[in-house]
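The structure under discussion appears below in the form of structure tokens.
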Amino acid sequence: MNYHQIQIRVRYSETDQMRVVYHGNYAQYFEVGRVEWLRNKGVSYKWMEENGIMLPVVSLTMNYKKPARYDEVLTLKTILKKQTSVKIEFDYELYNEQAELLTTGNSVLVFVDMKTGRPMAPPLYIFELLNRME
């Protein structure tokens with residue numbers, strides 16, 4: 001299974017005057033989903049950074065279908081779409097409590113060597129974890 005789900009409760013500070021989630025906060029939700037997807041596979045951003053690996057976002061797209069609102073519990077599904085020698089791509093689906101699809105997204109990240117600032121292949125350990133089906 002190459003997806004992971006988490007729940008996020010919308011905080012007041014994430015909304016506008018209409019108590020609708022401000023569009024910029026979806027990128028943060030997607031980051032939380034991505035971090036937890038990796039953690040569920042046994043890889044942490046902390047470990048990668050301690051070992052000289054960064055994973056910056058190079059592309060992010062979002063499609064808003066319905067608004068998320070204050071105090072709703074959202075379910076975020078993070079899906080590994082593709083992995084190449086230096087990139088990893090995720091799709092996202094965000095649902096409300098009624099299981100209505102609110103937002104979809106996609107991000108592409110690149111493994112980068114912190115010393116050189118250049119793209120790199122992930123270490124074999126990470127590559128194997130990312131490709132392990134559960």
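Order determines the names: the first chain of the structure tokens is A, the second B, and so forth; residues in each chain are numbered 1 upward, and ligands are numbered 1 upward as they are shown.
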So that I can check the surroundings of Arg9 in chain A, please list as a PDB file with C-alpha atoms, in the first residue's frame every protein, DNA and RNA residue that reaches within 9 Å of it, counting only C-alpha atoms and ignoring chain neighbours fewer than 6 positions away.
ATOM      1  CA  TYR A  70     -13.149  25.731  11.088  1.00  0.00           C
ATOM      2  CA  ASP A  71     -13.174  22.827  13.565  1.00  0.00           C
ATOM      3  CA  GLU A  72     -13.831  20.139  10.944  1.00  0.00           C
ATOM      4  CA  VAL A  73     -11.817  16.946  11.195  1.00  0.00           C
ATOM      5  CA  LEU A  74     -10.284  16.399   7.784  1.00  0.00           C
ATOM      6  CA  THR A  75      -8.858  13.170   6.420  1.00  0.00           C
TER       7      THR A  75
END
Review point. Hey, what's within 8 Å of Glu89 in chain A if we count only C-alpha atoms and toss same-chain stuff fewer than 4 positions away? As JSON, numbers by chain, please?
Key: {"A": [80, 81, 82, 83, 106, 107, 108, 109]}
Practice item. Write out as a ChimeraX atom specification all residues of chain A that backbone DSSP assigns to strand (DSSP E or B). Key: /A:3-9,15,20-21,53-54,57-64,69,73-83,87-95,101-110,112-113,119
Check your understanding: So which residues touch Thr103 in chain A within 9 Å, counting only C-alpha atoms, skipping near sequence neighbours fewer than 6 positions away, as a ChimeraX atom specification?
Key -> /A:26,62-68,92-95
Write a file of the selected residues as a compact mmCIF listing (two decimals), in the first residue's frame, keeping all heavy atoms.
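Saved result, selection14.txt, follows:
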# COMPACT_ATOMS: atom_id res chain seq x y z
N TYR A 26 -3.26 24.80 2.83
CA TYR A 26 -3.31 23.46 2.25
C TYR A 26 -1.91 22.91 2.00
O TYR A 26 -1.67 21.71 2.16
CB TYR A 26 -4.15 23.45 0.97
CG TYR A 26 -5.62 23.64 1.24
CD1 TYR A 26 -6.16 24.92 1.30
CD2 TYR A 26 -6.46 22.56 1.45
CE1 TYR A 26 -7.51 25.11 1.55
CE2 TYR A 26 -7.81 22.74 1.70
CZ TYR A 26 -8.33 24.02 1.76
OH TYR A 26 -9.67 24.19 2.01
N MET A 62 -2.55 22.48 -6.63
CA MET A 62 -3.74 22.20 -5.83
C MET A 62 -4.98 22.50 -6.65
O MET A 62 -4.98 23.40 -7.47
CB MET A 62 -3.75 23.08 -4.58
CG MET A 62 -2.67 22.73 -3.59
SD MET A 62 -2.74 23.81 -2.17
CE MET A 62 -1.11 24.52 -2.27
N ASN A 63 -6.03 21.74 -6.39
CA ASN A 63 -7.31 21.95 -7.03
C ASN A 63 -8.37 21.97 -5.93
O ASN A 63 -8.63 20.95 -5.30
CB ASN A 63 -7.59 20.85 -8.05
CG ASN A 63 -8.86 21.09 -8.83
OD1 ASN A 63 -9.48 22.14 -8.73
ND2 ASN A 63 -9.26 20.10 -9.59
N TYR A 64 -8.95 23.16 -5.71
CA TYR A 64 -9.95 23.33 -4.65
C TYR A 64 -11.34 23.02 -5.20
O TYR A 64 -11.77 23.61 -6.17
CB TYR A 64 -9.91 24.77 -4.13
CG TYR A 64 -8.54 25.20 -3.70
CD1 TYR A 64 -7.75 25.99 -4.52
CD2 TYR A 64 -8.03 24.81 -2.46
CE1 TYR A 64 -6.49 26.39 -4.12
CE2 TYR A 64 -6.76 25.19 -2.06
CZ TYR A 64 -6.00 25.98 -2.89
OH TYR A 64 -4.75 26.37 -2.50
N LYS A 65 -12.03 22.08 -4.55
CA LYS A 65 -13.35 21.68 -4.99
C LYS A 65 -14.44 22.22 -4.06
O LYS A 65 -15.45 22.73 -4.50
CB LYS A 65 -13.44 20.16 -5.08
CG LYS A 65 -12.44 19.60 -6.10
CD LYS A 65 -12.46 18.09 -6.14
CE LYS A 65 -11.46 17.54 -7.11
NZ LYS A 65 -11.57 18.02 -8.47
N LYS A 66 -14.20 22.12 -2.75
CA LYS A 66 -15.12 22.61 -1.72
C LYS A 66 -14.27 23.14 -0.57
O LYS A 66 -13.17 22.65 -0.34
CB LYS A 66 -16.02 21.48 -1.20
CG LYS A 66 -17.03 20.97 -2.19
CD LYS A 66 -17.94 19.95 -1.51
CE LYS A 66 -19.06 19.56 -2.46
NZ LYS A 66 -20.06 18.75 -1.78
N PRO A 67 -14.80 24.09 0.19
CA PRO A 67 -14.01 24.64 1.28
C PRO A 67 -13.95 23.72 2.51
O PRO A 67 -14.92 23.02 2.82
CB PRO A 67 -14.73 25.94 1.63
CG PRO A 67 -16.14 25.71 1.20
CD PRO A 67 -16.06 24.81 0.00
N ALA A 68 -12.81 23.75 3.16
CA ALA A 68 -12.68 23.14 4.48
C ALA A 68 -13.00 24.24 5.49
O ALA A 68 -12.66 25.40 5.27
CB ALA A 68 -11.27 22.60 4.69
N TYR A 92 -2.38 14.03 -3.33
CA TYR A 92 -3.08 14.26 -2.07
C TYR A 92 -4.57 14.34 -2.34
O TYR A 92 -5.00 14.90 -3.34
CB TYR A 92 -2.63 15.58 -1.42
CG TYR A 92 -1.15 15.70 -1.27
CD1 TYR A 92 -0.39 16.32 -2.26
CD2 TYR A 92 -0.49 15.18 -0.15
CE1 TYR A 92 0.98 16.42 -2.14
CE2 TYR A 92 0.90 15.29 -0.04
CZ TYR A 92 1.62 15.91 -1.03
OH TYR A 92 2.98 16.01 -0.91
N GLU A 93 -5.35 13.81 -1.39
CA GLU A 93 -6.80 13.93 -1.42
C GLU A 93 -7.23 14.32 -0.01
O GLU A 93 -6.90 13.63 0.96
CB GLU A 93 -7.46 12.60 -1.81
CG GLU A 93 -7.09 12.13 -3.20
CD GLU A 93 -7.60 10.73 -3.50
OE1 GLU A 93 -8.18 10.07 -2.59
OE2 GLU A 93 -7.40 10.27 -4.63
N LEU A 94 -7.98 15.41 0.09
CA LEU A 94 -8.43 15.91 1.39
C LEU A 94 -9.95 15.82 1.45
O LEU A 94 -10.65 16.33 0.58
CB LEU A 94 -7.97 17.35 1.58
CG LEU A 94 -8.18 17.95 2.96
CD1 LEU A 94 -7.30 17.24 4.00
CD2 LEU A 94 -7.87 19.44 2.94
N TYR A 95 -10.45 15.13 2.48
CA TYR A 95 -11.88 14.88 2.65
C TYR A 95 -12.39 15.51 3.95
O TYR A 95 -11.66 15.57 4.94
CB TYR A 95 -12.16 13.37 2.72
CG TYR A 95 -11.79 12.63 1.46
CD1 TYR A 95 -10.51 12.12 1.27
CD2 TYR A 95 -12.74 12.43 0.46
CE1 TYR A 95 -10.18 11.44 0.11
CE2 TYR A 95 -12.41 11.74 -0.70
CZ TYR A 95 -11.13 11.25 -0.87
OH TYR A 95 -10.80 10.58 -2.02
Review point. Which residues, written as a ChimeraX atom specification, have at least one atom at most 8 Å from range 51-55 of chain A, with only C-alpha atoms counted and residues fewer than 3 positions away on the same chain left out?
Key: /A:45,47-48,109-115
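For the pair CA of Asn131 in chain A and CA of Pro56 in chain A, the separation is 19.8 Å.
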Exercise for review: Could you tell me, as a ChimeraX atom specification, which residues of range 1-123 of chain A DSSP assigns to helix (DSSP H, G or I) when given the backbone?
Suggested key: /A:12-14,25-41,45-50
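Using only C-alpha atoms, the nearest neighbour of Leu130 in chain A within the list A:Ser85, A:Thr116, A:Gln7, A:Ser13 is A:Ser85.
Distances to Ile79 in chain A were evaluated for A:Val58, A:Asp91, A:Val20, A:Ala121 using only C-alpha atoms, and the minimum falls at A:Asp91.
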Exercise for review: Tell me which protein, DNA and RNA residues are within 12 Å of Leu76 in chain A, counting only C-alpha atoms, leaving out same-chain ones fewer than 6 positions away, and put them as a PyMOL selection string.
Suggested key: chain A and resi 3-10+26-34+36-37+68+91-97+99-105
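Candidate residues A:Lys77, A:Arg69, A:Lys41, A:Thr84 were compared for distance to Glu14 in chain A, and the nearest is A:Arg69, using only C-alpha atoms.
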